[in-house]
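S.K.: Have a peek at model.txt (compact mmCIF, C-alpha atoms).
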```
# COMPACT_ATOMS: atom_id res chain seq x y z
CA MET P 18 -1.51 -4.46 -25.59
CA SER P 19 0.55 -5.24 -22.47
CA VAL P 20 1.11 -2.64 -19.75
CA GLU P 21 4.73 -2.35 -20.90
CA GLU P 22 3.74 -1.76 -24.53
CA GLU P 23 1.19 0.86 -23.56
CA MET P 24 3.76 2.59 -21.37
CA LYS P 25 6.24 2.60 -24.26
CA GLU P 26 3.66 4.35 -26.45
CA ILE P 27 3.03 6.99 -23.78
CA VAL P 28 6.66 7.65 -22.83
CA ALA P 29 7.88 7.66 -26.47
CA GLN P 30 5.32 10.32 -27.30
CA ILE P 31 6.22 12.52 -24.30
CA VAL P 32 10.00 12.28 -24.57
CA HIS P 33 9.91 12.32 -28.39
CA VAL P 34 12.00 9.14 -28.79
CA ASP P 35 11.55 6.01 -30.83
CA LYS P 36 9.98 3.14 -28.89
CA SER P 37 13.09 1.03 -29.61
CA VAL P 38 15.06 3.29 -27.25
CA LEU P 39 12.79 2.25 -24.39
CA THR P 40 14.41 -0.90 -23.05
CA ARG P 41 13.85 -2.14 -19.51
CA GLU P 42 17.52 -1.56 -18.68
CA GLY P 43 17.63 1.92 -20.18
CA SER P 44 18.24 4.68 -17.62
CA LEU P 45 15.42 7.23 -17.74
CA ARG P 46 17.78 10.17 -17.62
CA LYS P 47 21.00 8.97 -19.28
CA ASP P 48 19.78 6.63 -22.04
CA ILE P 49 16.25 7.82 -22.65
CA LYS P 50 17.29 11.43 -21.95
CA ALA P 51 14.10 12.28 -20.13
CA ASP P 52 14.33 15.52 -18.14
CA SER P 53 12.49 16.06 -14.86
CA LEU P 54 9.47 17.55 -16.64
CA ASP P 55 9.31 14.58 -19.05
CA ILE P 56 9.30 12.25 -16.07
CA VAL P 57 6.49 14.14 -14.31
CA GLN P 58 4.45 14.26 -17.52
CA ALA P 59 5.02 10.55 -18.14
CA MET P 60 3.91 9.76 -14.56
CA VAL P 61 0.76 11.80 -15.01
CA ALA P 62 -0.08 10.23 -18.38
CA VAL P 63 0.51 6.71 -17.03
CA GLU P 64 -1.56 7.48 -13.91
CA ASP P 65 -4.44 8.65 -16.10
CA LYS P 66 -4.14 5.72 -18.50
CA PHE P 67 -4.24 3.03 -15.80
CA ASP P 68 -6.22 4.96 -13.20
CA ILE P 69 -3.56 4.57 -10.52
CA GLU P 70 -1.54 7.00 -8.41
CA ILE P 71 2.24 6.94 -8.26
CA PRO P 72 3.50 8.65 -5.10
CA ASP P 73 6.53 10.95 -5.61
CA GLU P 74 8.54 8.85 -3.13
CA GLU P 75 8.08 5.78 -5.35
CA ALA P 76 8.77 7.68 -8.56
CA GLN P 77 12.09 8.92 -7.17
CA LYS P 78 13.23 5.30 -6.86
CA PHE P 79 12.88 4.54 -10.58
CA GLN P 80 16.35 4.27 -12.07
CA ASN P 81 15.48 2.69 -15.40
CA PHE P 82 12.42 2.21 -17.53
CA GLY P 83 12.04 -1.36 -16.19
CA ASP P 84 11.60 -0.09 -12.60
CA PHE P 85 8.83 2.19 -13.80
CA VAL P 86 7.12 -0.65 -15.74
CA ASP P 87 7.45 -3.11 -12.81
CA TYR P 88 5.83 -0.63 -10.41
CA VAL P 89 2.93 0.13 -12.75
CA GLU P 90 2.39 -3.58 -13.53
CA ARG P 91 2.25 -4.32 -9.82
CA ARG P 92 -0.27 -1.55 -9.17
CA VAL P 93 -2.45 -2.57 -12.12
CA ALA P 94 -2.44 -6.21 -10.91
CA GLU P 95 -3.40 -5.08 -7.38
CA LYS P 96 -6.24 -3.02 -8.81
CA GLU P 97 -7.54 -5.93 -10.87
CA LYS P 98 -7.60 -8.14 -7.76
CA VAL P 99 -9.87 -5.62 -6.01
CA MET E 21 -17.79 32.69 11.85
CA PRO E 22 -17.88 35.19 8.94
CA LEU E 23 -17.81 32.47 6.26
CA LYS E 24 -20.41 30.17 7.83
CA GLY E 25 -22.36 28.30 5.14
CA LYS E 26 -19.97 29.31 2.35
CA LEU E 27 -18.30 26.85 -0.01
CA THR E 28 -14.68 27.36 -1.04
CA LEU E 29 -12.50 25.61 -3.60
CA VAL E 30 -8.77 25.87 -2.92
CA THR E 31 -6.69 24.43 -5.78
CA GLY E 32 -3.52 22.69 -4.66
CA SER E 33 -4.48 22.59 -0.99
CA GLY E 34 -2.88 19.34 0.11
CA ARG E 35 0.27 21.08 1.23
CA GLY E 36 1.97 24.40 1.82
CA ILE E 37 0.23 27.72 1.20
CA GLY E 38 -2.95 26.09 -0.15
CA ARG E 39 -3.31 23.99 2.97
CA ALA E 40 -2.87 27.03 5.23
CA ILE E 41 -5.52 28.95 3.25
CA ALA E 42 -7.93 26.00 3.38
CA LEU E 43 -7.53 25.72 7.16
CA LYS E 44 -7.86 29.47 7.69
CA LEU E 45 -11.09 29.73 5.69
CA ALA E 46 -12.41 26.56 7.37
CA SER E 47 -11.70 28.13 10.77
CA GLN E 48 -13.96 30.99 9.64
CA GLY E 49 -16.79 28.58 8.91
CA SER E 50 -16.45 27.77 5.20
CA ASP E 51 -16.83 24.26 3.84
CA ILE E 52 -13.80 23.42 1.72
CA ILE E 53 -13.12 21.52 -1.47
CA VAL E 54 -9.52 20.33 -1.25
CA ASN E 55 -8.07 19.94 -4.72
CA PHE E 56 -4.77 18.07 -5.14
CA PHE E 57 -2.81 16.50 -7.93
CA ARG E 58 0.22 14.52 -6.75
CA ARG E 59 -0.17 13.68 -3.06
CA ARG E 60 -3.43 12.11 -1.98
CA GLU E 61 -2.21 11.42 1.57
CA ALA E 62 -1.46 15.10 2.18
CA ALA E 63 -4.85 16.13 0.78
CA GLU E 64 -6.67 13.60 2.97
CA LYS E 65 -4.78 14.97 5.99
CA THR E 66 -5.82 18.54 5.10
CA ALA E 67 -9.43 17.36 4.76
CA LYS E 68 -9.27 15.60 8.13
CA ASP E 69 -7.93 18.76 9.79
CA ILE E 70 -10.68 20.80 8.13
CA VAL E 71 -13.40 18.46 9.42
CA ALA E 72 -11.88 18.75 12.91
CA LEU E 73 -12.69 22.49 12.70
CA GLY E 74 -16.39 21.62 12.43
CA VAL E 75 -16.98 22.17 8.70
CA LYS E 76 -17.25 19.85 5.70
CA ALA E 77 -14.40 18.86 3.40
CA GLU E 78 -14.41 17.21 -0.01
CA VAL E 79 -11.24 15.96 -1.70
CA ILE E 80 -11.00 16.11 -5.51
CA ARG E 81 -7.97 15.06 -7.54
CA ALA E 82 -7.33 17.05 -10.70
CA ASN E 83 -4.38 18.40 -12.63
CA VAL E 84 -5.53 21.99 -13.16
CA GLY E 85 -3.21 22.20 -16.16
CA ASP E 86 -5.43 19.69 -17.96
CA PRO E 87 -8.69 21.33 -19.13
CA ALA E 88 -10.56 18.00 -19.27
CA LYS E 89 -9.65 17.18 -15.64
CA LEU E 90 -10.47 20.68 -14.55
CA ASP E 91 -13.88 20.38 -16.20
CA GLU E 92 -14.48 17.06 -14.45
CA MET E 93 -13.70 18.72 -11.12
CA PHE E 94 -16.21 21.51 -11.76
CA ASP E 95 -18.80 19.00 -13.02
CA THR E 96 -18.45 17.21 -9.67
CA ILE E 97 -18.84 20.49 -7.76
CA ALA E 98 -21.86 21.50 -9.87
CA THR E 99 -23.59 18.16 -9.39
CA LYS E 100 -22.77 17.73 -5.73
CA PHE E 101 -23.17 21.30 -4.47
CA GLY E 102 -24.68 23.34 -7.32
CA HIS E 103 -22.86 26.50 -6.26
CA LEU E 104 -19.53 27.98 -5.15
CA ASP E 105 -18.79 31.09 -3.06
CA ILE E 106 -15.01 31.37 -3.04
CA LEU E 107 -12.35 30.28 -5.52
CA ILE E 108 -8.72 30.30 -4.44
CA ASN E 109 -6.41 29.76 -7.40
CA ASN E 110 -3.34 28.47 -5.60
CA ALA E 111 -2.05 25.39 -7.45
CA ALA E 112 1.24 26.12 -9.17
CA SER E 113 4.12 24.39 -10.81
CA GLY E 114 7.11 25.42 -12.82
CA VAL E 115 10.38 24.65 -14.43
CA GLY E 116 13.36 26.44 -12.92
CA ARG E 117 15.39 27.54 -15.93
CA SER E 118 17.01 30.64 -17.33
CA VAL E 119 15.08 32.38 -20.14
CA LEU E 120 17.26 31.02 -22.94
CA ASP E 121 16.75 27.46 -21.69
CA VAL E 122 12.96 27.63 -21.60
CA ASP E 123 11.61 25.31 -24.30
CA ILE E 124 8.02 25.08 -25.52
CA LYS E 125 7.28 22.14 -23.24
CA ALA E 126 8.46 23.97 -20.11
CA TRP E 127 6.61 27.14 -21.17
CA ASP E 128 3.32 25.33 -21.84
CA TRP E 129 3.49 23.25 -18.66
CA THR E 130 4.09 26.28 -16.45
CA MET E 131 1.71 28.68 -18.20
CA ASN E 132 -1.09 26.11 -18.32
CA ILE E 133 -0.94 25.28 -14.62
CA ASN E 134 -0.18 28.76 -13.30
CA ALA E 135 -2.12 31.08 -15.60
CA ARG E 136 -4.53 29.25 -17.92
CA ALA E 137 -5.97 27.24 -15.01
CA PHE E 138 -7.20 30.45 -13.37
CA LEU E 139 -8.90 31.50 -16.60
CA LEU E 140 -10.71 28.16 -16.90
CA CYS E 141 -11.49 27.90 -13.16
CA ALA E 142 -12.83 31.47 -13.08
CA GLN E 143 -15.06 30.83 -16.10
CA ARG E 144 -16.63 27.78 -14.47
CA ALA E 145 -16.67 29.31 -10.97
CA ALA E 146 -18.39 32.53 -12.14
CA LYS E 147 -21.36 30.44 -13.32
CA LEU E 148 -21.56 28.71 -9.93
CA MET E 149 -21.49 32.13 -8.23
CA GLU E 150 -24.32 33.56 -10.34
CA GLY E 151 -26.86 35.47 -8.30
CA ARG E 152 -24.95 35.05 -5.02
CA GLY E 153 -21.77 37.11 -5.51
CA GLY E 154 -18.44 35.61 -4.66
CA LYS E 155 -14.71 36.00 -4.16
CA MET E 156 -11.77 34.88 -6.20
CA VAL E 157 -8.18 35.17 -5.04
CA SER E 158 -5.16 34.03 -7.00
CA ILE E 159 -1.80 33.36 -5.40
CA THR E 160 1.12 34.87 -7.23
CA SER E 161 4.68 35.85 -6.37
CA LEU E 162 7.21 38.66 -6.46
CA GLY E 163 8.69 36.95 -9.52
CA SER E 164 5.95 38.61 -11.58
CA SER E 165 7.50 42.05 -11.08
CA PHE E 166 11.12 41.26 -10.18
CA VAL E 167 13.74 39.08 -11.76
CA LEU E 168 14.54 36.05 -9.60
CA PRO E 169 17.22 33.46 -10.41
CA SER E 170 16.00 30.53 -12.61
CA TYR E 171 12.45 31.77 -12.26
CA ALA E 172 11.81 33.16 -15.77
CA VAL E 173 8.85 31.14 -16.97
CA VAL E 174 7.22 31.01 -13.53
CA GLY E 175 7.61 34.77 -13.12
CA ILE E 176 6.08 35.34 -16.55
CA SER E 177 3.17 33.03 -15.74
CA LYS E 178 2.57 34.94 -12.50
CA ALA E 179 2.56 38.26 -14.39
CA ALA E 180 -0.10 36.79 -16.68
CA LEU E 181 -2.04 35.66 -13.61
CA GLU E 182 -1.98 39.17 -12.14
CA ALA E 183 -3.14 40.74 -15.42
CA LEU E 184 -5.92 38.16 -15.64
CA THR E 185 -6.90 39.04 -12.06
CA ARG E 186 -7.38 42.69 -13.10
CA TYR E 187 -9.45 41.86 -16.19
CA LEU E 188 -11.62 39.39 -14.29
CA ALA E 189 -12.12 41.87 -11.45
CA ILE E 190 -13.62 44.42 -13.81
CA GLU E 191 -15.64 41.98 -15.87
CA LEU E 192 -17.09 40.28 -12.80
CA ALA E 193 -17.62 43.45 -10.73
CA PRO E 194 -21.26 43.86 -11.88
CA GLU E 195 -21.91 40.28 -10.70
CA GLY E 196 -20.80 41.17 -7.19
CA ILE E 197 -17.72 39.01 -7.51
CA CYS E 198 -14.50 40.42 -6.01
CA VAL E 199 -11.29 39.27 -7.71
CA ASN E 200 -7.85 39.96 -6.26
CA ALA E 201 -4.41 38.42 -5.93
CA VAL E 202 -1.87 37.94 -3.16
CA ALA E 203 1.81 38.04 -4.11
CA ALA E 204 4.22 36.53 -1.66
CA SER E 205 7.99 36.53 -1.59
CA ALA E 206 9.71 33.21 -0.86
CA VAL E 207 7.40 31.40 1.56
CA GLU E 208 8.83 28.86 3.97
CA THR E 209 7.26 25.63 2.68
CA GLU E 210 8.39 22.09 1.88
CA ALA E 211 8.31 23.04 -1.83
CA LEU E 212 10.75 25.90 -1.26
CA LYS E 213 13.12 23.69 0.75
CA PHE E 214 13.07 21.30 -2.21
CA TYR E 215 14.05 24.02 -4.69
CA ILE E 216 16.64 26.11 -2.86
CA ARG E 217 19.59 25.41 -0.64
CA GLU E 218 19.63 26.25 3.07
CA GLY E 219 22.24 29.00 2.56
CA LEU E 220 19.85 30.91 0.33
CA MET E 221 17.07 30.53 2.92
CA LYS E 222 19.36 32.30 5.39
CA ASP E 223 20.00 35.10 2.87
CA ILE E 224 16.26 35.53 2.30
CA ARG E 225 15.68 35.70 6.06
CA GLN E 226 18.34 38.39 6.39
CA ALA E 227 16.98 40.37 3.45
CA THR E 228 13.51 40.53 4.97
CA PRO E 229 13.04 43.77 6.96
CA ALA E 230 10.30 42.13 9.06
CA GLY E 231 13.00 39.84 10.45
CA ARG E 232 11.75 36.42 9.40
CA MET E 233 10.62 34.58 6.32
CA VAL E 234 7.02 34.69 5.16
CA ILE E 235 5.13 31.60 6.34
CA PRO E 236 1.99 30.10 4.71
CA GLU E 237 -0.23 31.50 7.46
CA ASP E 238 0.87 35.08 6.57
CA VAL E 239 -0.52 34.55 3.08
CA ALA E 240 -3.64 32.80 4.40
CA ASN E 241 -4.45 35.75 6.69
CA VAL E 242 -4.47 38.21 3.77
CA VAL E 243 -6.49 35.81 1.60
CA ALA E 244 -9.05 35.55 4.42
CA PHE E 245 -9.27 39.36 4.57
CA LEU E 246 -9.81 39.57 0.79
CA CYS E 247 -12.60 36.98 1.17
CA SER E 248 -14.32 39.07 3.85
CA GLU E 249 -17.00 41.72 3.31
CA GLU E 250 -14.59 44.34 4.70
CA ALA E 251 -12.59 43.98 1.49
CA PHE E 252 -15.61 44.55 -0.77
CA MET E 253 -14.17 47.70 -2.41
CA ILE E 254 -10.79 46.14 -3.18
CA ARG E 255 -10.89 44.95 -6.81
CA GLY E 256 -8.24 43.71 -9.20
CA GLN E 257 -5.38 44.36 -6.78
CA THR E 258 -2.30 42.35 -6.03
CA VAL E 259 -1.51 42.61 -2.32
CA VAL E 260 2.15 41.99 -1.57
CA VAL E 261 3.05 39.89 1.48
CA ASP E 262 6.82 39.98 1.74
CA GLY E 263 7.82 41.45 5.09
CA GLY E 264 9.01 44.59 3.28
CA THR E 265 11.55 42.96 0.98
CA SER E 266 10.37 44.53 -2.28
CA VAL E 267 10.30 48.12 -1.02
CA ALA E 268 13.75 47.93 0.56
CA PRO E 269 16.07 46.49 -2.10
CA PHE E 270 19.17 48.17 -0.73
CA ILE E 271 18.73 47.40 2.96
CA THR E 272 20.63 44.10 2.88
CA ALA E 273 23.47 45.56 0.86
CA GLU E 274 23.79 48.35 3.41
CA LYS E 275 23.77 45.85 6.29
CA GLU E 276 26.54 43.88 4.57
CA GLU E 277 28.64 47.03 4.08
CA ARG E 278 28.41 47.97 7.74
CA ARG E 279 29.85 44.63 8.80
```
Can you dump the structure from the file as structure tokens?
M.R.:
Amino acid sequence: MSVEEEMKEIVAQIVHVDKSVLTREGSLRKDIKADSLDIVQAMVAVEDKFDIEIPDEEAQKFQNFGDFVDYVERRVAEKEKV
Amino acid sequence: MPLKGKLTLVTGSGRGIGRAIALKLASQGSDIIVNFFRRREAAEKTAKDIVALGVKAEVIRANVGDPAKLDEMFDTIATKFGHLDILINNAASGVGRSVLDVDIKAWDWTMNINARAFLLCAQRAAKLMEGRGGKMVSITSLGSSFVLPSYAVVGISKAALEALTRYLAIELAPEGICVNAVAASAVETEALKFYIREGLMKDIRQATPAGRMVIPEDVANVVAFLCSEEAFMIRGQTVVVDGGTSVAPFITAEKEERR
């Protein structure tokens, strides 16, 4: 499964939405309707899943689901290089 | 150096009150395990400042709301050190909502981090304190006894934490383990600045008979006392650190009227 697919599984379960709602362009708050606690829980679950850390400053920059996926993909790739 | 040779775990000690407690106990000679969850950089900084005081520091990441992670943290402590002398249950989180807006998710998140974590930490810590005595201090807030705006679920979790402190204090008394709590009013930290507007900070300052807001070091000083042998006969208590706010609810109103 790709990083994006795995993230969809995680976020869909936390926010209680269908995976089809999770498009890259979808705004985390407006379209996906994730509240601040959903976002924190999703961060934590994704951090645990991929064994990375997402600093709060970075997380605050995520506007849509795609931003979140891009950041995690980048971090996972960096980790694999090491 | 009253705590020389002791080992202390402070949950949530990367920043704020936890950091101040970690530094205070380190300054009294205790080695410190710095637990953090979200900000590694801050935790590493706390650890560096602890080492500069001439004691050892160990950084462990764990969400105390997650029992599996909490267990991993204690497994690491058990393997690496084999004992623990002081547990400071400081890590906290919460969802700022009115009672009618608290859903199951917000309730569980807050209760698990603020109250259940102390239960699970205390159970593991008590084993590591066996035969050597120990101290446990939980950090709570005035929201456990008073109604604060948008604080419902946090206040309830802190009330549970204080009740747990009393039960633990009695159950662990025969083991020579002292368990107490420190309840602070609004403490001037980065977290507080994040949650409330500057205007409210000014109101809190004015409502505090002691003339200024409580700072993390005020809390740390009382925690250090409760961890000292002088406090041996204090058990199951919640010591309030609020500059007098809670015993003088009408003082501000009176001040306003005189204007």
S.K.: Which of these, P:Asp84, P:Glu42, P:Glu64, P:Asp55, has the shortest distance to Ala29 (chain P) once you count all atoms listed in the file?
M.R.: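 Counting all atoms listed in the file, the residue closest to Ala29 (chain P) is P:Asp55.
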S.K.: Measuring atom to atom with all atoms listed in the file, identify which of E:Ser113, E:Ser248, E:Thr209, E:Thr28 is nearest to chain P.
M.R.: E:Ser113
S.K.: List every residue of chain P that has an atom at most 12 Å from any atom of chain E, and for each one report the closest atom pair and its distance in Å to one decimal, counting all atoms listed in the file, with rows sorted by chain and then by increasing residue number, as a tab-separated table.
M.R.:
```
residue	atom	partner	partner_atom	distance
P:Ile31	CA	E:Lys125	CA	9.7
P:Val32	CA	E:Lys125	CA	10.3
P:His33	CA	E:Lys125	CA	11.4
P:Asp52	CA	E:Ala126	CA	10.5
P:Ser53	CA	E:Val115	CA	8.9
P:Leu54	CA	E:Ala126	CA	7.4
P:Asp55	CA	E:Lys125	CA	8.9
P:Val57	CA	E:Arg58	CA	9.8
P:Gln58	CA	E:Trp129	CA	9.1
P:Met60	CA	E:Arg58	CA	9.9
P:Val61	CA	E:Asn83	CA	8.7
P:Ala62	CA	E:Asp86	CA	10.9
P:Glu64	CA	E:Arg58	CA	10.2
P:Asp65	CA	E:Lys89	CA	10.0
P:Asp68	CA	E:Arg81	CA	11.7
P:Ile69	CA	E:Arg58	CA	11.3
P:Glu70	CA	E:Arg58	CA	7.9
P:Ile71	CA	E:Arg58	CA	8.0
P:Pro72	CA	E:Arg59	CA	6.6
P:Asp73	CA	E:Arg58	CA	7.3
P:Glu74	CA	E:Arg59	CA	10.0
P:Glu75	CA	E:Arg59	CA	11.6
P:Ala76	CA	E:Arg58	CA	11.1
```
S.K.: I'd like the interatomic distance between CA of Gln48 (chain E) and CA of Val199 (chain E), to a tenth of an Å.
M.R.: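 Straight-line distance from CA of Gln48 (chain E) to CA of Val199 (chain E) works out to 19.4 Å.
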S.K.: What is the CA of Lys89 (chain E) to CA of Gly83 (chain P) distance in Å?
M.R.: 28.5 Å
S.K.: I'd like the neighbourhood of Val38 (chain P) as a PyMOL selection string, where a residue qualifies if any of its atoms comes within 9 Å (using all atoms listed in the file), though same-chain residues fewer than 2 positions away should be ignored.
M.R.: chain P and resi 29+34-36+40+43+48-49
S.K.: So which one's closest to Lys76 (chain E), E:Ala112, E:Leu29, E:Val267, E:Val261? Using all atoms listed in the file, please.
M.R.: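 Ranked by minimum distance to Lys76 (chain E), first place goes to E:Leu29.
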S.K.: Can you tell me how far CA of Asn200 (chain E) sits from CA of Thr258 (chain E), in Å to one decimal?
M.R.: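 For CA of Asn200 (chain E) relative to CA of Thr258 (chain E), the distance reads 6.0 Å.
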S.K.: For the point (-12.5, 24.8, -4.8) in file coordinates, what residues are within 8 Å, counting all atoms listed in the file? Give the answer as a PyMOL selection string?
M.R.: chain E and resi 27-31+52-55+104+106-108
S.K.: Determine, counting only C-alpha atoms, which protein, DNA and RNA residues have an atom within 12 Å of an atom of Ser19 (chain P); residues of the same chain fewer than 3 positions away are not included. Present the result as a ChimeraX atom specification.
M.R.: /P:22-26,67,86,89-90,93-94
S.K.: Out of E:Val234, E:Leu23, E:Ala40, E:Val122, which residue has the shortest atom-to-atom distance to Ser170 (chain E) when counting all atoms listed in the file?
M.R.: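 Among E:Val234, E:Leu23, E:Ala40, E:Val122, it is E:Val122 that comes nearest to Ser170 (chain E).
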S.K.: First collect every listed atom of region 59-75 of chain P; then fit an axis-aligned box around them, widen it by 8 Å on each side, and give centre and edge lengths in Å to one decimal, as JSON.
M.R.:
```
{"center_x": 1.2, "center_y": 7.4, "center_z": -10.8, "size_x": 30.8, "size_y": 24.8, "size_z": 31.4}
```
S.K.: For Gly32 (chain E), find every residue with an atom within 9 Å (counting all atoms listed in the file), except residues of its own chain fewer than 4 positions away, and show them as a list in words.
M.R.: Gly36, Ile37, Gly38, Arg39, Val54, Asn55, Phe56, Phe57, Ala63, Val84, Asn109, Asn110, Ala111 and Ala112 of chain E
S.K.: Residues within 10 Å of Met21 (chain E), please, as a compact mmCIF listing (two decimals) with C-alpha atoms, in the coordinates of the input. Count all atoms listed in the file; anything in the same chain fewer than 6 positions from it doesn't count.
M.R.:
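Wrote part-v3.txt, looks like this:
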```
# COMPACT_ATOMS: atom_id res chain seq x y z
CA LEU E 45 -11.09 29.73 5.69
CA ALA E 46 -12.41 26.56 7.37
CA SER E 47 -11.70 28.13 10.77
CA GLN E 48 -13.96 30.99 9.64
CA GLY E 49 -16.79 28.58 8.91
CA SER E 50 -16.45 27.77 5.20
```
S.K.: At most 12 Å from (-22.6, 16.7, -1.0), file frame, only C-alpha atoms: which residues, as a list in words?
M.R.: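 Output of the proximity query reads Leu27, Asp51, Ile52, Ile53, Lys76, Ala77, Glu78, Val79, Thr96, Ile97, Ala98, Thr99, Lys100, Phe101, Gly102 and His103 of chain E.
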